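Reviewing the structure listed below.
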Amino acid sequence: MPELPEVEGFARYFAQHALRQPIVRVRVRDERILGVRKDVFSRALRGHAFERVQRHGKHLFADAGLTWLHLHFGMTGDLSYYTSSVNRHASSDDGSRMTDDEPRFARVIFDFANGNHLAFEDMRLFGVVDLTSSPDAYIAEHELGPDPLEITLAQFRAIVAKRRGAIKAFLMSQDVIAGIGNLYADETLFQTGLHPRHPVDRLSDAEVRAVYNAMRRILREVIRVRAKDGDWPARYLTMHREEGERCPKCGGTIQRTVVMSRTTYFCGNHQRL
DNA sequence: AGTACCACCTGACGGC
DNA sequence: TGCCGTCAGGTGGTAC
C-alpha cells in the first residue's frame, strides 16, 4: 500500500527510532531487495549512524554521512524497530524462527549499538534498498516530479498545462508528481467528482484547483489519521473499493474499470465524463 | 507523448 | 484438503 502518506509515516517512524545510533552490523536476509552489491552496501553503512531522514514522494532517504540510504517500499514494504529478547525461544508459537521478534519478511536488518534493530520488511520483494549520494541526485537520476505537498497551485497549473491524457494517469505518473499511487489517485478524483479518464487538457481552471486542493487535503488528512493508527474516514472511496457498493457521497453505484492497466474504482453517478 | 502489456515476487481468497 | 485461477495499494522496460 505504501504511497506518500504511508511513506511519510515510515519517515517519522524511522526518525523516531533509528537516528544517531551507530550501526554495528548490517544483515541482508535476501539480496534481491538490494540495488547494490551486498558487501558494498554493508561496508558503506557499518560504523556510521543515520543522522536525518528525508522523504520525496514514495521514497525515503536517510543520511548516513558519506552516503544516503534509499528505501522504496514497493507494494508490501514496511519498517519494524524491535528489541531482541534473548530467552523467549520456548514461547508460544512453533519456535522455528531463529531470532525472536525478527519480522517474518525482514530483508535487511540494521543492528544498532544500543542492541536494537531496524528491519526493512517486504513480502513481495517489489521494494528497493540501496544507496545514493544524495536525495537530489536520486530524484534527478530517476526523473521524479515534485512532491505534491511541496508545490503551489501555480506550479501545479503549469505542470497540468504541459500534459494530455487521462487525469488518473497524470496523477499516478511519478515523473509528473511524485507520491500518488492507485489508491489516492482514485480517492482524489472521487472527492473532486471527476471521471478517471477525464483528459487533463480539458479541465477548467476551477477543476484544476479542485484537484490540487483535494489531492493535498487527502494526503495530509491520511498522514494525520494513519499516524494515530486510524482508519480512512468512512466518506472515503477507499473504504468502499468494491464493485456495486453504495457511494458514500451521493448514493450512486461504485464501478470498477481499468485505467492505465490499473484497477480503478469510481462512482458512476457523480464522476462522469 | 500517452498507453498497453509483460515481468519482477509472494500470499490470500474463492470456486470446484 | 488441495489445486487453480485471480487479485493485490509499485515500477521499469519495451512496443505500438
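Labels for the C-alpha cells follow display order: chains A, B, ..., residues from 1 in each chain, ligands from 1.
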*Once you count only C-alpha atoms (C1' of nucleotides), which residues of chain C turn out to be within 8 Å of chain A? Could you give them as a VMD selection string?*
chain C and resid 9 to 11
*Which parts of stretch 10-98 of chain A does DSSP call strand (DSSP E or B) when run on the backbone here, written out as a VMD selection string?*
chain A and resid 19 23 to 28 34 50 52 to 56 59 to 63 68 to 72 77 to 83
Based on the selection just made, write N, CA, C and O atoms of those residues as a short mmCIF file (atom, residue, chain, number, x, y, z; two decimals), in the first residue's frame.
data_model
loop_
_atom_site.label_atom_id
_atom_site.label_comp_id
_atom_site.auth_asym_id
_atom_site.auth_seq_id
_atom_site.Cartn_x
_atom_site.Cartn_y
_atom_site.Cartn_z
N LEU A 19 17.64 7.16 14.57
CA LEU A 19 18.66 8.18 14.32
C LEU A 19 19.75 8.20 15.40
O LEU A 19 19.51 7.87 16.55
N ILE A 23 25.59 2.05 13.68
CA ILE A 23 25.19 0.78 13.07
C ILE A 23 26.35 -0.19 13.26
O ILE A 23 27.43 0.02 12.72
N VAL A 24 26.13 -1.22 14.04
CA VAL A 24 27.24 -2.14 14.30
C VAL A 24 27.26 -3.30 13.30
O VAL A 24 28.30 -3.92 13.08
N ARG A 25 26.12 -3.59 12.70
CA ARG A 25 26.08 -4.68 11.73
C ARG A 25 24.91 -4.50 10.78
O ARG A 25 23.86 -3.99 11.18
N VAL A 26 25.11 -4.92 9.55
CA VAL A 26 24.03 -4.90 8.57
C VAL A 26 23.81 -6.32 8.11
O VAL A 26 24.74 -7.00 7.68
N ARG A 27 22.60 -6.80 8.25
CA ARG A 27 22.31 -8.17 7.81
C ARG A 27 21.35 -8.15 6.64
O ARG A 27 20.29 -7.54 6.72
N VAL A 28 21.76 -8.79 5.58
CA VAL A 28 20.92 -8.86 4.38
C VAL A 28 20.33 -10.26 4.30
O VAL A 28 21.05 -11.23 4.09
N LEU A 34 18.23 -5.65 -2.71
CA LEU A 34 19.28 -4.64 -2.82
C LEU A 34 19.48 -4.14 -4.24
O LEU A 34 19.40 -4.89 -5.21
N PHE A 50 22.63 6.91 11.13
CA PHE A 50 21.70 7.72 10.35
C PHE A 50 21.47 9.03 11.09
O PHE A 50 21.19 9.03 12.29
N ARG A 52 19.59 11.89 9.72
CA ARG A 52 18.30 12.52 9.45
C ARG A 52 17.62 11.80 8.30
O ARG A 52 18.28 11.11 7.54
N VAL A 53 16.34 11.96 8.21
CA VAL A 53 15.60 11.33 7.12
C VAL A 53 14.92 12.39 6.28
O VAL A 53 14.64 13.50 6.74
N GLN A 54 14.69 12.02 5.05
CA GLN A 54 14.03 12.92 4.13
C GLN A 54 13.12 12.07 3.25
O GLN A 54 13.49 10.97 2.86
N ARG A 55 11.94 12.58 2.96
CA ARG A 55 11.03 11.86 2.09
C ARG A 55 10.75 12.67 0.84
O ARG A 55 10.63 13.90 0.90
N HIS A 56 10.69 11.99 -0.29
CA HIS A 56 10.25 12.67 -1.51
C HIS A 56 9.31 11.70 -2.20
O HIS A 56 9.72 10.61 -2.60
N HIS A 59 9.51 7.88 -1.78
CA HIS A 59 10.89 7.48 -1.50
C HIS A 59 11.36 8.04 -0.16
O HIS A 59 11.08 9.19 0.18
N LEU A 60 12.10 7.21 0.55
CA LEU A 60 12.65 7.61 1.85
C LEU A 60 14.17 7.58 1.78
O LEU A 60 14.75 6.64 1.23
N PHE A 61 14.79 8.61 2.31
CA PHE A 61 16.25 8.70 2.31
C PHE A 61 16.72 8.93 3.75
O PHE A 61 16.11 9.68 4.49
N ALA A 62 17.83 8.29 4.10
CA ALA A 62 18.41 8.51 5.43
C ALA A 62 19.89 8.83 5.26
O ALA A 62 20.64 8.05 4.66
N ASP A 63 20.28 9.95 5.80
CA ASP A 63 21.65 10.44 5.70
C ASP A 63 22.57 9.61 6.59
O ASP A 63 22.38 9.56 7.81
N TRP A 68 23.84 8.13 1.40
CA TRP A 68 22.46 8.10 1.90
C TRP A 68 21.86 6.73 1.61
O TRP A 68 22.04 6.17 0.54
N LEU A 69 21.12 6.23 2.60
CA LEU A 69 20.32 5.03 2.40
C LEU A 69 19.06 5.45 1.65
O LEU A 69 18.46 6.47 1.97
N HIS A 70 18.69 4.66 0.67
CA HIS A 70 17.44 4.94 -0.05
C HIS A 70 16.50 3.76 0.10
O HIS A 70 16.90 2.61 -0.10
N LEU A 71 15.26 4.02 0.47
CA LEU A 71 14.27 2.96 0.62
C LEU A 71 13.05 3.23 -0.26
O LEU A 71 12.54 4.34 -0.29
N HIS A 72 12.64 2.19 -0.96
CA HIS A 72 11.36 2.26 -1.66
C HIS A 72 10.56 1.05 -1.22
O HIS A 72 11.10 -0.05 -1.17
N GLY A 77 6.20 -3.16 1.42
CA GLY A 77 7.31 -2.77 2.28
C GLY A 77 6.83 -2.21 3.62
O GLY A 77 5.74 -1.66 3.73
N ASP A 78 7.67 -2.36 4.63
CA ASP A 78 7.33 -1.87 5.97
C ASP A 78 8.61 -1.75 6.79
O ASP A 78 9.64 -2.33 6.43
N LEU A 79 8.54 -1.01 7.87
CA LEU A 79 9.68 -0.91 8.77
C LEU A 79 9.28 -1.46 10.13
O LEU A 79 8.13 -1.31 10.56
N SER A 80 10.23 -2.06 10.81
CA SER A 80 9.97 -2.54 12.16
C SER A 80 11.20 -2.34 13.02
O SER A 80 12.28 -2.83 12.70
N TYR A 81 11.03 -1.60 14.08
CA TYR A 81 12.12 -1.38 15.04
C TYR A 81 11.81 -2.26 16.24
O TYR A 81 10.72 -2.21 16.79
N TYR A 82 12.77 -3.08 16.61
CA TYR A 82 12.47 -4.01 17.69
C TYR A 82 13.69 -4.27 18.55
O TYR A 82 14.83 -4.02 18.16
N THR A 83 13.42 -4.79 19.71
CA THR A 83 14.45 -5.12 20.68
C THR A 83 14.62 -6.62 20.70
O THR A 83 13.62 -7.33 20.73
#
*To one decimal in Å, tell me the separation between atom CA of A:Ala166 and atom CA of A:Val208.*
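Distance reported for this atom pair: 13.3 Å.
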_I want to know what sits within 12 Å of C:DC7, based on only C-alpha atoms (C1' of nucleotides), with residues of the same chain fewer than 4 positions away left out; could you give that as a VMD selection string?_
(chain A and resid 262 to 263) or (chain B and resid 11 to 14)
Only all heavy atoms, please: the residues just picked out, written as a compact mmCIF listing (two decimals), in the first residue's frame.
# COMPACT_ATOMS: atom_id res chain seq x y z
N ARG A 262 -4.48 -0.30 -14.47
CA ARG A 262 -4.65 -0.44 -13.02
C ARG A 262 -6.14 -0.48 -12.70
O ARG A 262 -6.93 0.28 -13.28
CB ARG A 262 -4.01 0.74 -12.28
CG ARG A 262 -2.55 0.96 -12.62
CD ARG A 262 -1.68 -0.25 -12.30
NE ARG A 262 -1.80 -0.64 -10.91
CZ ARG A 262 -1.14 -0.03 -9.93
NH1 ARG A 262 -0.32 0.96 -10.17
NH2 ARG A 262 -1.30 -0.44 -8.69
N THR A 263 -6.49 -1.34 -11.75
CA THR A 263 -7.86 -1.42 -11.30
C THR A 263 -8.29 -0.06 -10.76
O THR A 263 -7.59 0.54 -9.96
CB THR A 263 -8.00 -2.47 -10.19
OG1 THR A 263 -7.49 -3.69 -10.68
CG2 THR A 263 -9.45 -2.64 -9.78
P DG B 11 5.08 -16.37 0.85
OP1 DG B 11 5.67 -16.37 2.19
OP2 DG B 11 5.13 -17.56 -0.01
O5' DG B 11 3.57 -15.91 0.99
C5' DG B 11 3.31 -14.65 1.57
C4' DG B 11 1.86 -14.29 1.39
O4' DG B 11 1.57 -14.09 -0.01
C3' DG B 11 0.89 -15.37 1.87
O3' DG B 11 -0.05 -14.74 2.70
C2' DG B 11 0.25 -15.90 0.60
C1' DG B 11 0.34 -14.69 -0.32
N9 DG B 11 0.36 -15.00 -1.74
C8 DG B 11 1.15 -15.89 -2.41
N7 DG B 11 0.94 -15.91 -3.70
C5 DG B 11 -0.07 -14.97 -3.89
C6 DG B 11 -0.73 -14.55 -5.08
O6 DG B 11 -0.55 -14.94 -6.23
N1 DG B 11 -1.69 -13.58 -4.82
C2 DG B 11 -1.97 -13.08 -3.57
N2 DG B 11 -2.93 -12.15 -3.50
N3 DG B 11 -1.37 -13.45 -2.46
C4 DG B 11 -0.44 -14.40 -2.69
P DA B 12 -1.07 -15.63 3.55
OP1 DA B 12 -0.93 -15.18 4.94
OP2 DA B 12 -0.95 -17.06 3.20
O5' DA B 12 -2.45 -15.08 2.97
C5' DA B 12 -2.65 -13.67 2.89
C4' DA B 12 -3.99 -13.42 2.22
O4' DA B 12 -3.84 -13.61 0.79
C3' DA B 12 -5.10 -14.36 2.68
O3' DA B 12 -6.31 -13.64 2.79
C2' DA B 12 -5.15 -15.40 1.57
C1' DA B 12 -4.77 -14.59 0.34
N9 DA B 12 -4.12 -15.36 -0.71
C8 DA B 12 -3.11 -16.28 -0.58
N7 DA B 12 -2.71 -16.79 -1.71
C5 DA B 12 -3.51 -16.16 -2.67
C6 DA B 12 -3.58 -16.27 -4.07
N6 DA B 12 -2.81 -17.08 -4.78
N1 DA B 12 -4.50 -15.52 -4.70
C2 DA B 12 -5.27 -14.69 -3.99
N3 DA B 12 -5.30 -14.51 -2.66
C4 DA B 12 -4.38 -15.28 -2.06
P DC B 13 -7.57 -14.36 3.44
OP1 DC B 13 -8.15 -13.36 4.36
OP2 DC B 13 -7.19 -15.72 3.92
O5' DC B 13 -8.55 -14.54 2.20
C5' DC B 13 -8.66 -13.51 1.21
C4' DC B 13 -9.46 -14.05 0.05
O4' DC B 13 -8.58 -14.70 -0.90
C3' DC B 13 -10.50 -15.10 0.46
O3' DC B 13 -11.72 -14.84 -0.20
C2' DC B 13 -9.88 -16.40 -0.02
C1' DC B 13 -9.12 -15.94 -1.25
N1 DC B 13 -8.01 -16.84 -1.65
C2 DC B 13 -7.76 -17.03 -3.02
O2 DC B 13 -8.47 -16.43 -3.84
N3 DC B 13 -6.75 -17.86 -3.40
C4 DC B 13 -6.02 -18.47 -2.48
N4 DC B 13 -5.06 -19.27 -2.90
C5 DC B 13 -6.26 -18.29 -1.08
C6 DC B 13 -7.26 -17.47 -0.71
P DG B 14 -13.09 -15.50 0.33
OP1 DG B 14 -13.86 -14.42 0.96
OP2 DG B 14 -12.76 -16.72 1.09
O5' DG B 14 -13.79 -15.91 -1.03
C5' DG B 14 -13.66 -15.10 -2.20
C4' DG B 14 -13.88 -15.97 -3.42
O4' DG B 14 -12.67 -16.68 -3.75
C3' DG B 14 -14.97 -17.02 -3.24
O3' DG B 14 -15.79 -17.07 -4.40
C2' DG B 14 -14.20 -18.31 -3.00
C1' DG B 14 -12.93 -18.06 -3.83
N9 DG B 14 -11.75 -18.78 -3.36
C8 DG B 14 -11.31 -18.89 -2.07
N7 DG B 14 -10.20 -19.58 -1.96
C5 DG B 14 -9.90 -19.94 -3.27
C6 DG B 14 -8.81 -20.69 -3.79
O6 DG B 14 -7.87 -21.20 -3.17
N1 DG B 14 -8.89 -20.82 -5.17
C2 DG B 14 -9.88 -20.29 -5.95
N2 DG B 14 -9.79 -20.51 -7.26
N3 DG B 14 -10.90 -19.58 -5.48
C4 DG B 14 -10.85 -19.45 -4.13
*Using DSSP on the backbone coordinates, identify the residues of stretch 34-192 of chain A assigned to helix (DSSP H, G or I); present them as a ChimeraX atom specification.*
/A:38-45,135-141,148-150,153-161,167-172,182-192
What are the nearest atom pairs, with distances in Å to one decimal, for all residues of chain B that come at most 10 Å from chain A, using only C-alpha atoms (C1' of nucleotides), set out by chain and rising residue number as CSV?
residue,atom,partner,partner_atom,distance
B:DA1,C1',A:Arg164,CA,8.0
B:DG2,C1',A:Gly165,CA,6.5
B:DT3,C1',A:Met260,CA,6.6
B:DA4,C1',A:Ser261,CA,7.2
B:DC5,C1',A:Ser261,CA,8.5
B:DC8,C1',A:Phe126,CA,7.2
B:DC9,C1',A:Arg124,CA,4.8
B:DT10,C1',A:Arg124,CA,5.0
B:DG11,C1',A:Met123,CA,8.4
